Number of protein chains: 2
Amino acid sequence: MDIHAYLSGIRREVDSYLDILLLPDTQEPATVHAAMRYSVFAGGKRIRPALAMAAGESAGGESKTLLHLAASIELIHTYSLIHDDLPALDNDDMRRGHPTCHKMFGEAMAILAGDALMTRSYQALCDLPNVPDSTRLAIIREIAYATGTKDGMIGGQVVDLQSEGKKIGPETLEYIHRSKTGALLTACTRCGALASGAATEVVETLTRFGRTIGLAFQVVDDILDVTTSSEQLGKTAGKDQKVHKATYPALYGLEASRAKARDLVASALAEIESMGDRAEPLRAIARYVLSRTT
Amino acid sequence: MDIHAYLSGIRREVDSYLDILLLPDTQEPATVHAAMRYSVFAGGKRIRPALAMAAGESAGGESKTLLHLAASIELIHTYSLIHDDLPALDNDDMRRGHPTCHKMFGEAMAILAGDALMTRSYQALCDLPNVPDSTRLAIIREIAYATGTKDGMIGGQVVDLQSEGKKIGPETLEYIHRSKTGALLTACTRCGALASGAATEVVETLTRFGRTIGLAFQVVDDILDVTTSSEQLGKTAGKDQKVHKATYPALYGLEASRAKARDLVASALAEIESMGDRAEPLRAIARYVLSRTT
């Protein structure tokens, strides 16, 4: 299958759905809605939505349900980007080739737009269509724990911040990757499975797939930061190195990092080998993650 | 009944429960857990927990369920205080008689601690004990909408920020109060009712009570800001006036504001007149709100 066509299709669908989930920027107070929309629609590969939808598809889920789930997850991801970019945190001026939210709307509005996107995500998850309340609740629980302080997104971000300029070991690097990005990426495939009413063993298989591909994704991101120019990347490249951020290439070198990414993708593919044709998009995403290294 | 003894009792119970809900500050990453705990335990009247518990009690709810609900709401309230106090927003150095979170832990950690408290609140609401999933979900939906951008807490905060130094009319003032603080106060009584499995008409009665007492609470807060010293208040008094914030006394004068508070409390009491003895704590809270003006 053509992964680029597949991802473009998902991006279009998800963007249309995000446009429905987000209040119009004519709705008062207009500025916060404009800031939320600005950051949500400032590009982005929509890899989390794609993972959630492809995982759900592999488990026989309904497309309307999966699309709603995917868009809700992208809202929470966007909140995390806005807050991470703030001057007090990573102090990034550019994101996805555009000025960051606080550069466009000021710091106060960026903080509130981030808060509002997280809040909107929970609102939307409460209204996940065509599933029972118990499934909605199970998904909200997954997302809330994946983005929390204990082995979740915020925990990873805290350790990442505290590691800047310090020499860190493999354990800390693994904690940061597993928590800061890995937990939400894993939640994507888990929630896709849950939203599809998948059997426990399918949920577990997709959890292992998500965990492995999530780590691969982060290793590749680290590699790209070293090997790609800012222009291609759409954000300040080499920044991780400049501020001595913990990365795979810094710790293991470029070649070992590439081998690590290859191994991870191979083992993610092995996890879902027996899943049949419905898992084709998920396999294509796994191969795509690896293709980004070259 | 002795409202001060009642509120002290609730404060003790809620604080013990918050201590269970919050991860220990020995749990890594320790700093964010320390920052969360610092702000949650930096004083506070626990008026939202008291409203939720008293409303739930009036509807015959279980005390363990109500306590869990009350503590979860206080987590989300504390997140909003931390973010509101940030330099980019209200730039407050003191809160509840203590240095604000960013003064103690720095801006980055305050932003993340706020995010983490909101997230922890949703985690906790997923685990609300002794109620069906449909009730948990209904409560999460209430909280998420009450704290969102449309007629909710963030919306009110945005308009409040944008009104600083401007002359605003009664409609904008009402919007700010209704959204910034009123929506969550109303959610307290509504969720207390929902957590108790109350009949629709009881939920509606407690909603009207919550809305009315919430507005009274805000009018009184405005009055106190004008009439009380910083030392008594535990935060920078007169600040609203200094930055030309929209307040009731500024718009209507002190005496008319006091009369407004009296009328609101009387009509809140009238709402729950027929509710019997179980509503006594709720009545005591209503009278307490008014007593704070003198």
# chains A, B, ... in the order shown; residues from 1 in each chain; ligands from 1
call {"tool": "calpha_fit_and_write", "arguments": {"fixed": "chain A", "moving": "chain B", "output": "PDB file with C-alpha atoms, in the first residue's frame"}}
result
ATOM      1  CA  MET B   1      -0.006  -0.003  -0.008  1.00  0.00           C
ATOM      2  CA  ASP B   2       0.990   3.621  -0.587  1.00  0.00           C
ATOM      3  CA  ILE B   3       1.767   4.907   2.895  1.00  0.00           C
ATOM      4  CA  HIS B   4       2.020   8.512   1.763  1.00  0.00           C
ATOM      5  CA  ALA B   5      -1.443   8.407   0.183  1.00  0.00           C
ATOM      6  CA  TYR B   6      -2.752   6.645   3.289  1.00  0.00           C
ATOM      7  CA  LEU B   7      -1.278   9.236   5.650  1.00  0.00           C
ATOM      8  CA  SER B   8      -2.505  12.114   3.469  1.00  0.00           C
ATOM      9  CA  GLY B   9      -5.982  10.634   3.539  1.00  0.00           C
ATOM     10  CA  ILE B  10      -5.899  10.343   7.319  1.00  0.00           C
ATOM     11  CA  ARG B  11      -4.562  13.872   7.640  1.00  0.00           C
ATOM     12  CA  ARG B  12      -7.441  15.223   5.554  1.00  0.00           C
ATOM     13  CA  GLU B  13     -10.050  13.248   7.474  1.00  0.00           C
ATOM     14  CA  VAL B  14      -8.595  14.109  10.886  1.00  0.00           C
ATOM     15  CA  ASP B  15      -8.240  17.782   9.994  1.00  0.00           C
ATOM     16  CA  SER B  16     -11.880  17.952   8.892  1.00  0.00           C
ATOM     17  CA  TYR B  17     -12.912  16.304  12.126  1.00  0.00           C
ATOM     18  CA  LEU B  18     -10.712  18.611  14.235  1.00  0.00           C
ATOM     19  CA  ASP B  19     -12.445  21.495  12.504  1.00  0.00           C
ATOM     20  CA  ILE B  20     -15.735  20.151  13.879  1.00  0.00           C
ATOM     21  CA  LEU B  21     -14.378  19.448  17.372  1.00  0.00           C
ATOM     22  CA  LEU B  22     -12.838  22.896  17.770  1.00  0.00           C
ATOM     23  CA  LEU B  23     -15.094  25.874  18.339  1.00  0.00           C
ATOM     24  CA  PRO B  24     -14.954  28.480  15.536  1.00  0.00           C
ATOM     25  CA  ASP B  25     -12.702  31.473  16.103  1.00  0.00           C
ATOM     26  CA  THR B  26     -15.808  33.666  15.882  1.00  0.00           C
ATOM     27  CA  GLN B  27     -17.039  32.092  19.150  1.00  0.00           C
ATOM     28  CA  GLU B  28     -16.238  34.320  22.149  1.00  0.00           C
ATOM     29  CA  PRO B  29     -13.725  34.509  23.661  1.00  0.00           C
ATOM     30  CA  ALA B  30     -12.384  34.508  20.116  1.00  0.00           C
ATOM     31  CA  THR B  31      -8.643  34.822  20.823  1.00  0.00           C
ATOM     32  CA  VAL B  32      -8.323  31.559  22.701  1.00  0.00           C
ATOM     33  CA  HIS B  33     -10.231  29.698  19.992  1.00  0.00           C
ATOM     34  CA  ALA B  34      -8.012  31.299  17.352  1.00  0.00           C
ATOM     35  CA  ALA B  35      -4.889  30.247  19.296  1.00  0.00           C
ATOM     36  CA  MET B  36      -6.170  26.675  19.684  1.00  0.00           C
ATOM     37  CA  ARG B  37      -6.945  26.428  15.969  1.00  0.00           C
ATOM     38  CA  TYR B  38      -3.667  28.046  14.978  1.00  0.00           C
ATOM     39  CA  SER B  39      -1.605  25.392  16.758  1.00  0.00           C
ATOM     40  CA  VAL B  40      -3.809  22.440  15.814  1.00  0.00           C
ATOM     41  CA  PHE B  41      -3.710  23.384  12.117  1.00  0.00           C
ATOM     42  CA  ALA B  42      -0.038  24.463  11.969  1.00  0.00           C
ATOM     43  CA  GLY B  43       0.985  21.317  10.076  1.00  0.00           C
ATOM     44  CA  GLY B  44       1.956  18.090  11.764  1.00  0.00           C
ATOM     45  CA  LYS B  45       2.170  14.545  10.429  1.00  0.00           C
ATOM     46  CA  ARG B  46      -0.832  13.321  12.497  1.00  0.00           C
ATOM     47  CA  ILE B  47       1.152  10.205  13.340  1.00  0.00           C
ATOM     48  CA  ARG B  48      -0.807   9.669  16.582  1.00  0.00           C
ATOM     49  CA  PRO B  49      -4.184   9.810  14.834  1.00  0.00           C
ATOM     50  CA  ALA B  50      -2.838   7.459  12.151  1.00  0.00           C
ATOM     51  CA  LEU B  51      -1.649   4.967  14.781  1.00  0.00           C
ATOM     52  CA  ALA B  52      -4.962   5.073  16.635  1.00  0.00           C
ATOM     53  CA  MET B  53      -6.983   4.648  13.451  1.00  0.00           C
ATOM     54  CA  ALA B  54      -4.792   1.929  11.960  1.00  0.00           C
ATOM     55  CA  ALA B  55      -4.765  -0.006  15.247  1.00  0.00           C
ATOM     56  CA  GLY B  56      -8.539   0.332  15.500  1.00  0.00           C
ATOM     57  CA  GLU B  57      -8.932  -0.761  11.885  1.00  0.00           C
ATOM     58  CA  SER B  58      -6.811  -3.840  12.535  1.00  0.00           C
ATOM     59  CA  ALA B  59      -9.255  -4.736  15.324  1.00  0.00           C
ATOM     60  CA  GLY B  60     -12.338  -4.145  13.183  1.00  0.00           C
ATOM     61  CA  GLY B  61     -13.378  -0.797  14.688  1.00  0.00           C
ATOM     62  CA  GLU B  62     -15.905   1.646  13.242  1.00  0.00           C
ATOM     63  CA  SER B  63     -14.387   4.475  11.242  1.00  0.00           C
ATOM     64  CA  LYS B  64     -16.498   7.291  12.799  1.00  0.00           C
ATOM     65  CA  THR B  65     -15.534   6.181  16.308  1.00  0.00           C
ATOM     66  CA  LEU B  66     -11.862   5.890  15.397  1.00  0.00           C
ATOM     67  CA  LEU B  67     -11.782   9.274  13.699  1.00  0.00           C
ATOM     68  CA  HIS B  68     -13.299  10.941  16.763  1.00  0.00           C
ATOM     69  CA  LEU B  69     -10.775   9.163  18.988  1.00  0.00           C
ATOM     70  CA  ALA B  70      -7.882  10.098  16.711  1.00  0.00           C
ATOM     71  CA  ALA B  71      -8.820  13.787  16.633  1.00  0.00           C
ATOM     72  CA  SER B  72      -9.267  13.875  20.423  1.00  0.00           C
ATOM     73  CA  ILE B  73      -5.772  12.460  20.907  1.00  0.00           C
ATOM     74  CA  GLU B  74      -4.321  15.052  18.523  1.00  0.00           C
ATOM     75  CA  LEU B  75      -5.865  17.793  20.710  1.00  0.00           C
ATOM     76  CA  ILE B  76      -4.018  16.517  23.762  1.00  0.00           C
ATOM     77  CA  HIS B  77      -0.801  16.139  21.755  1.00  0.00           C
ATOM     78  CA  THR B  78      -1.098  19.740  20.554  1.00  0.00           C
ATOM     79  CA  TYR B  79      -1.590  20.999  24.117  1.00  0.00           C
ATOM     80  CA  SER B  80       1.699  19.336  25.068  1.00  0.00           C
ATOM     81  CA  LEU B  81       3.531  20.934  22.132  1.00  0.00           C
ATOM     82  CA  ILE B  82       2.262  24.424  23.004  1.00  0.00           C
ATOM     83  CA  HIS B  83       3.328  24.140  26.636  1.00  0.00           C
ATOM     84  CA  ASP B  84       6.683  22.497  25.787  1.00  0.00           C
ATOM     85  CA  ASP B  85       7.511  25.362  23.428  1.00  0.00           C
ATOM     86  CA  LEU B  86       6.933  28.079  26.070  1.00  0.00           C
ATOM     87  CA  PRO B  87       9.865  30.334  27.004  1.00  0.00           C
ATOM     88  CA  ALA B  88      10.035  28.827  30.504  1.00  0.00           C
ATOM     89  CA  LEU B  89      10.348  25.336  29.026  1.00  0.00           C
ATOM     90  CA  ASP B  90      12.017  24.592  25.666  1.00  0.00           C
ATOM     91  CA  ASN B  91      11.773  28.230  24.491  1.00  0.00           C
ATOM     92  CA  ASP B  92      11.128  27.330  20.868  1.00  0.00           C
ATOM     93  CA  ASP B  93      10.212  30.011  18.349  1.00  0.00           C
ATOM     94  CA  MET B  94       9.373  27.642  15.508  1.00  0.00           C
ATOM     95  CA  ARG B  95       7.302  24.473  15.337  1.00  0.00           C
ATOM     96  CA  ARG B  96       6.259  22.549  12.232  1.00  0.00           C
ATOM     97  CA  GLY B  97       7.662  25.402  10.105  1.00  0.00           C
ATOM     98  CA  HIS B  98       5.521  28.090  11.761  1.00  0.00           C
ATOM     99  CA  PRO B  99       6.017  30.501  14.677  1.00  0.00           C
ATOM    100  CA  THR B 100       5.005  28.797  17.937  1.00  0.00           C
ATOM    101  CA  CYS B 101       1.732  29.637  19.680  1.00  0.00           C
ATOM    102  CA  HIS B 102       3.256  32.051  22.221  1.00  0.00           C
ATOM    103  CA  LYS B 103       5.112  33.840  19.414  1.00  0.00           C
ATOM    104  CA  MET B 104       1.787  34.449  17.655  1.00  0.00           C
ATOM    105  CA  PHE B 105      -0.572  34.987  20.597  1.00  0.00           C
ATOM    106  CA  GLY B 106       1.643  35.808  23.579  1.00  0.00           C
ATOM    107  CA  GLU B 107       2.543  33.658  26.540  1.00  0.00           C
ATOM    108  CA  ALA B 108      -0.673  34.058  28.529  1.00  0.00           C
ATOM    109  CA  MET B 109      -2.840  32.979  25.621  1.00  0.00           C
ATOM    110  CA  ALA B 110      -0.509  30.061  24.798  1.00  0.00           C
ATOM    111  CA  ILE B 111      -0.734  28.758  28.359  1.00  0.00           C
ATOM    112  CA  LEU B 112      -4.542  29.044  28.286  1.00  0.00           C
ATOM    113  CA  ALA B 113      -4.829  27.584  24.778  1.00  0.00           C
ATOM    114  CA  GLY B 114      -2.823  24.555  25.946  1.00  0.00           C
ATOM    115  CA  ASP B 115      -5.043  24.163  28.997  1.00  0.00           C
ATOM    116  CA  ALA B 116      -8.093  24.546  26.772  1.00  0.00           C
ATOM    117  CA  LEU B 117      -6.930  21.895  24.289  1.00  0.00           C
ATOM    118  CA  MET B 118      -6.392  19.370  27.072  1.00  0.00           C
ATOM    119  CA  THR B 119      -9.834  20.214  28.445  1.00  0.00           C
ATOM    120  CA  ARG B 120     -11.438  20.009  24.986  1.00  0.00           C
ATOM    121  CA  SER B 121      -9.861  16.604  24.487  1.00  0.00           C
ATOM    122  CA  TYR B 122     -11.550  15.231  27.626  1.00  0.00           C
ATOM    123  CA  GLN B 123     -14.842  16.819  26.589  1.00  0.00           C
ATOM    124  CA  ALA B 124     -14.581  15.125  23.210  1.00  0.00           C
ATOM    125  CA  LEU B 125     -13.624  11.744  24.684  1.00  0.00           C
ATOM    126  CA  CYS B 126     -16.777  11.894  26.847  1.00  0.00           C
ATOM    127  CA  ASP B 127     -18.759  12.056  23.616  1.00  0.00           C
ATOM    128  CA  LEU B 128     -16.975   9.255  21.700  1.00  0.00           C
ATOM    129  CA  PRO B 129     -19.697   7.978  19.359  1.00  0.00           C
ATOM    130  CA  ASN B 130     -21.081   4.440  19.056  1.00  0.00           C
ATOM    131  CA  VAL B 131     -19.403   2.932  22.118  1.00  0.00           C
ATOM    132  CA  PRO B 132     -20.762   2.190  25.598  1.00  0.00           C
ATOM    133  CA  ASP B 133     -19.939   4.487  28.536  1.00  0.00           C
ATOM    134  CA  SER B 134     -17.586   1.846  29.963  1.00  0.00           C
ATOM    135  CA  THR B 135     -15.444   2.093  26.803  1.00  0.00           C
ATOM    136  CA  ARG B 136     -15.452   5.894  26.893  1.00  0.00           C
ATOM    137  CA  LEU B 137     -14.310   5.769  30.492  1.00  0.00           C
ATOM    138  CA  ALA B 138     -11.616   3.144  29.801  1.00  0.00           C
ATOM    139  CA  ILE B 139     -10.226   5.356  27.037  1.00  0.00           C
ATOM    140  CA  ILE B 140     -10.262   8.503  29.178  1.00  0.00           C
ATOM    141  CA  ARG B 141      -8.397   6.558  31.858  1.00  0.00           C
ATOM    142  CA  GLU B 142      -5.767   5.408  29.323  1.00  0.00           C
ATOM    143  CA  ILE B 143      -5.178   8.937  28.063  1.00  0.00           C
ATOM    144  CA  ALA B 144      -5.112  10.499  31.527  1.00  0.00           C
ATOM    145  CA  TYR B 145      -2.548   8.010  32.838  1.00  0.00           C
ATOM    146  CA  ALA B 146      -0.457   8.106  29.637  1.00  0.00           C
ATOM    147  CA  THR B 147      -0.124  11.877  29.963  1.00  0.00           C
ATOM    148  CA  GLY B 148       0.431  12.049  33.747  1.00  0.00           C
ATOM    149  CA  THR B 149       3.485  12.341  35.951  1.00  0.00           C
ATOM    150  CA  LYS B 150       4.126   8.647  36.678  1.00  0.00           C
ATOM    151  CA  ASP B 151       5.656   7.044  33.577  1.00  0.00           C
ATOM    152  CA  GLY B 152       3.550   9.456  31.498  1.00  0.00           C
ATOM    153  CA  MET B 153       4.056  12.470  29.268  1.00  0.00           C
ATOM    154  CA  ILE B 154       4.424  15.132  31.964  1.00  0.00           C
ATOM    155  CA  GLY B 155       6.808  12.938  33.970  1.00  0.00           C
ATOM    156  CA  GLY B 156       8.975  12.504  30.885  1.00  0.00           C
ATOM    157  CA  GLN B 157       8.951  16.206  30.173  1.00  0.00           C
ATOM    158  CA  VAL B 158      10.014  16.999  33.752  1.00  0.00           C
ATOM    159  CA  VAL B 159      12.967  14.600  33.594  1.00  0.00           C
ATOM    160  CA  ASP B 160      13.886  15.835  30.111  1.00  0.00           C
ATOM    161  CA  LEU B 161      13.969  19.442  31.373  1.00  0.00           C
ATOM    162  CA  GLN B 162      16.009  18.483  34.408  1.00  0.00           C
ATOM    163  CA  SER B 163      18.499  16.577  32.248  1.00  0.00           C
ATOM    164  CA  GLU B 164      19.390  19.508  30.009  1.00  0.00           C
ATOM    165  CA  GLY B 165      23.101  20.196  30.046  1.00  0.00           C
ATOM    166  CA  LYS B 166      23.720  17.124  32.214  1.00  0.00           C
ATOM    167  CA  LYS B 167      25.363  13.863  31.319  1.00  0.00           C
ATOM    168  CA  ILE B 168      22.682  11.210  31.602  1.00  0.00           C
ATOM    169  CA  GLY B 169      22.830   7.433  31.353  1.00  0.00           C
ATOM    170  CA  PRO B 170      20.860   4.978  29.218  1.00  0.00           C
ATOM    171  CA  GLU B 171      18.287   4.422  31.960  1.00  0.00           C
ATOM    172  CA  THR B 172      17.307   8.078  32.155  1.00  0.00           C
ATOM    173  CA  LEU B 173      17.226   8.372  28.373  1.00  0.00           C
ATOM    174  CA  GLU B 174      14.936   5.354  28.200  1.00  0.00           C
ATOM    175  CA  TYR B 175      12.692   6.808  30.918  1.00  0.00           C
ATOM    176  CA  ILE B 176      12.371  10.093  29.029  1.00  0.00           C
ATOM    177  CA  HIS B 177      11.511   8.455  25.722  1.00  0.00           C
ATOM    178  CA  ARG B 178       9.183   5.875  27.240  1.00  0.00           C
ATOM    179  CA  SER B 179       7.303   8.512  29.249  1.00  0.00           C
ATOM    180  CA  LYS B 180       7.449  11.745  27.284  1.00  0.00           C
ATOM    181  CA  THR B 181       6.385  10.359  23.918  1.00  0.00           C
ATOM    182  CA  GLY B 182       6.154   6.570  24.271  1.00  0.00           C
ATOM    183  CA  ALA B 183       3.249   6.470  26.721  1.00  0.00           C
ATOM    184  CA  LEU B 184       0.884   8.503  24.514  1.00  0.00           C
ATOM    185  CA  LEU B 185       1.948   6.636  21.349  1.00  0.00           C
ATOM    186  CA  THR B 186       1.189   3.366  23.150  1.00  0.00           C
ATOM    187  CA  ALA B 187      -2.145   4.816  24.319  1.00  0.00           C
ATOM    188  CA  CYS B 188      -2.986   5.483  20.648  1.00  0.00           C
ATOM    189  CA  THR B 189      -2.868   1.829  19.693  1.00  0.00           C
ATOM    190  CA  ARG B 190      -4.416   0.673  22.996  1.00  0.00           C
ATOM    191  CA  CYS B 191      -7.305   3.126  22.691  1.00  0.00           C
ATOM    192  CA  GLY B 192      -7.789   2.205  19.029  1.00  0.00           C
ATOM    193  CA  ALA B 193      -8.175  -1.383  20.188  1.00  0.00           C
ATOM    194  CA  LEU B 194     -10.467  -0.464  23.113  1.00  0.00           C
ATOM    195  CA  ALA B 195     -12.665   1.724  20.894  1.00  0.00           C
ATOM    196  CA  SER B 196     -13.093  -1.275  18.597  1.00  0.00           C
ATOM    197  CA  GLY B 197     -14.209  -3.580  21.391  1.00  0.00           C
ATOM    198  CA  ALA B 198     -11.159  -5.781  20.778  1.00  0.00           C
ATOM    199  CA  ALA B 199     -10.571  -8.919  22.852  1.00  0.00           C
ATOM    200  CA  THR B 200      -8.011  -8.649  25.654  1.00  0.00           C
ATOM    201  CA  GLU B 201      -5.276 -10.512  23.751  1.00  0.00           C
ATOM    202  CA  VAL B 202      -5.698  -8.190  20.762  1.00  0.00           C
ATOM    203  CA  VAL B 203      -5.485  -5.159  23.088  1.00  0.00           C
ATOM    204  CA  GLU B 204      -2.281  -6.628  24.526  1.00  0.00           C
ATOM    205  CA  THR B 205      -0.780  -7.319  21.097  1.00  0.00           C
ATOM    206  CA  LEU B 206      -1.542  -3.769  19.964  1.00  0.00           C
ATOM    207  CA  THR B 207      -0.116  -2.439  23.224  1.00  0.00           C
ATOM    208  CA  ARG B 208       3.190  -4.200  22.583  1.00  0.00           C
ATOM    209  CA  PHE B 209       3.175  -3.003  18.974  1.00  0.00           C
ATOM    210  CA  GLY B 210       2.497   0.573  20.132  1.00  0.00           C
ATOM    211  CA  ARG B 211       5.209   0.488  22.767  1.00  0.00           C
ATOM    212  CA  THR B 212       7.818  -0.825  20.322  1.00  0.00           C
ATOM    213  CA  ILE B 213       6.918   1.448  17.431  1.00  0.00           C
ATOM    214  CA  GLY B 214       6.713   4.382  19.834  1.00  0.00           C
ATOM    215  CA  LEU B 215      10.291   3.848  20.904  1.00  0.00           C
ATOM    216  CA  ALA B 216      11.373   3.400  17.264  1.00  0.00           C
ATOM    217  CA  PHE B 217       9.655   6.677  16.425  1.00  0.00           C
ATOM    218  CA  GLN B 218      11.598   8.481  19.126  1.00  0.00           C
ATOM    219  CA  VAL B 219      14.953   6.958  18.136  1.00  0.00           C
ATOM    220  CA  VAL B 220      14.292   8.098  14.552  1.00  0.00           C
ATOM    221  CA  ASP B 221      13.314  11.564  15.757  1.00  0.00           C
ATOM    222  CA  ASP B 222      16.630  11.804  17.595  1.00  0.00           C
ATOM    223  CA  ILE B 223      18.510  10.670  14.478  1.00  0.00           C
ATOM    224  CA  LEU B 224      16.688  13.207  12.298  1.00  0.00           C
ATOM    225  CA  ASP B 225      17.546  16.001  14.673  1.00  0.00           C
ATOM    226  CA  VAL B 226      21.229  15.265  14.077  1.00  0.00           C
ATOM    227  CA  THR B 227      21.112  14.574  10.340  1.00  0.00           C
ATOM    228  CA  THR B 228      18.558  17.017   8.941  1.00  0.00           C
ATOM    229  CA  SER B 229      18.625  20.745   8.346  1.00  0.00           C
ATOM    230  CA  SER B 230      16.221  23.117  10.119  1.00  0.00           C
ATOM    231  CA  GLU B 231      14.517  23.905   6.822  1.00  0.00           C
ATOM    232  CA  GLN B 232      13.631  20.271   6.111  1.00  0.00           C
ATOM    233  CA  LEU B 233      12.620  19.642   9.716  1.00  0.00           C
ATOM    234  CA  GLY B 234      10.426  22.724  10.136  1.00  0.00           C
ATOM    235  CA  LYS B 235      11.872  23.367  13.580  1.00  0.00           C
ATOM    236  CA  THR B 236      15.242  24.335  14.962  1.00  0.00           C
ATOM    237  CA  ALA B 237      17.462  21.331  14.077  1.00  0.00           C
ATOM    238  CA  GLY B 238      20.504  20.373  16.119  1.00  0.00           C
ATOM    239  CA  LYS B 239      18.765  22.001  19.100  1.00  0.00           C
ATOM    240  CA  ASP B 240      18.891  18.793  21.122  1.00  0.00           C
ATOM    241  CA  GLN B 241      22.648  18.672  20.715  1.00  0.00           C
ATOM    242  CA  LYS B 242      23.102  22.363  21.321  1.00  0.00           C
ATOM    243  CA  VAL B 243      21.456  22.269  24.735  1.00  0.00           C
ATOM    244  CA  HIS B 244      22.988  18.847  25.447  1.00  0.00           C
ATOM    245  CA  LYS B 245      19.639  17.120  25.415  1.00  0.00           C
ATOM    246  CA  ALA B 246      19.658  13.409  25.952  1.00  0.00           C
ATOM    247  CA  THR B 247      19.380  11.601  22.596  1.00  0.00           C
ATOM    248  CA  TYR B 248      20.136   8.161  21.189  1.00  0.00           C
ATOM    249  CA  PRO B 249      22.858   9.294  18.765  1.00  0.00           C
ATOM    250  CA  ALA B 250      24.534  11.252  21.577  1.00  0.00           C
ATOM    251  CA  LEU B 251      24.630   8.149  23.754  1.00  0.00           C
ATOM    252  CA  TYR B 252      25.160   5.344  21.227  1.00  0.00           C
ATOM    253  CA  GLY B 253      26.300   7.028  18.026  1.00  0.00           C
ATOM    254  CA  LEU B 254      24.440   7.343  14.725  1.00  0.00           C
ATOM    255  CA  GLU B 255      25.014   3.860  13.314  1.00  0.00           C
ATOM    256  CA  ALA B 256      24.005   2.008  16.462  1.00  0.00           C
ATOM    257  CA  SER B 257      20.911   4.236  16.688  1.00  0.00           C
ATOM    258  CA  ARG B 258      19.950   3.315  13.118  1.00  0.00           C
ATOM    259  CA  ALA B 259      20.390  -0.378  13.923  1.00  0.00           C
ATOM    260  CA  LYS B 260      18.269   0.070  17.051  1.00  0.00           C
ATOM    261  CA  ALA B 261      15.469   1.662  14.998  1.00  0.00           C
ATOM    262  CA  ARG B 262      15.620  -1.209  12.465  1.00  0.00           C
ATOM    263  CA  ASP B 263      15.424  -3.828  15.224  1.00  0.00           C
ATOM    264  CA  LEU B 264      12.510  -2.111  16.930  1.00  0.00           C
ATOM    265  CA  VAL B 265      10.492  -1.841  13.729  1.00  0.00           C
ATOM    266  CA  ALA B 266      11.201  -5.506  12.899  1.00  0.00           C
ATOM    267  CA  SER B 267       9.987  -6.605  16.301  1.00  0.00           C
ATOM    268  CA  ALA B 268       6.896  -4.364  16.074  1.00  0.00           C
ATOM    269  CA  LEU B 269       6.081  -6.021  12.724  1.00  0.00           C
ATOM    270  CA  ALA B 270       6.603  -9.466  14.265  1.00  0.00           C
ATOM    271  CA  GLU B 271       4.045  -8.637  16.988  1.00  0.00           C
ATOM    272  CA  ILE B 272       1.255  -8.157  14.447  1.00  0.00           C
ATOM    273  CA  GLU B 273       2.375 -10.752  11.908  1.00  0.00           C
ATOM    274  CA  SER B 274      -0.634 -13.000  12.501  1.00  0.00           C
ATOM    275  CA  MET B 275      -3.192 -10.201  12.333  1.00  0.00           C
ATOM    276  CA  GLY B 276      -4.106 -10.541   8.657  1.00  0.00           C
ATOM    277  CA  ASP B 277      -4.941  -7.983   5.997  1.00  0.00           C
ATOM    278  CA  ARG B 278      -6.745  -5.544   8.291  1.00  0.00           C
ATOM    279  CA  ALA B 279      -3.363  -4.797   9.906  1.00  0.00           C
ATOM    280  CA  GLU B 280      -1.779  -3.703   6.599  1.00  0.00           C
ATOM    281  CA  PRO B 281      -2.034   0.053   7.392  1.00  0.00           C
ATOM    282  CA  LEU B 282      -0.405  -0.582  10.764  1.00  0.00           C
ATOM    283  CA  ARG B 283       2.459  -2.431   9.052  1.00  0.00           C
ATOM    284  CA  ALA B 284       2.834   0.374   6.541  1.00  0.00           C
ATOM    285  CA  ILE B 285       3.104   2.905   9.379  1.00  0.00           C
ATOM    286  CA  ALA B 286       5.809   0.794  11.020  1.00  0.00           C
ATOM    287  CA  ARG B 287       7.829   0.693   7.800  1.00  0.00           C
ATOM    288  CA  TYR B 288       7.237   4.415   7.293  1.00  0.00           C
ATOM    289  CA  VAL B 289       8.676   5.211  10.734  1.00  0.00           C
ATOM    290  CA  LEU B 290      11.906   3.492   9.697  1.00  0.00           C
ATOM    291  CA  SER B 291      11.979   5.051   6.215  1.00  0.00           C
ATOM    292  CA  ARG B 292      12.264   8.481   7.815  1.00  0.00           C
ATOM    293  CA  THR B 293      15.869   7.731   8.844  1.00  0.00           C
ATOM    294  CA  THR B 294      17.174   7.972   5.315  1.00  0.00           C
TER     295      THR B 294
END
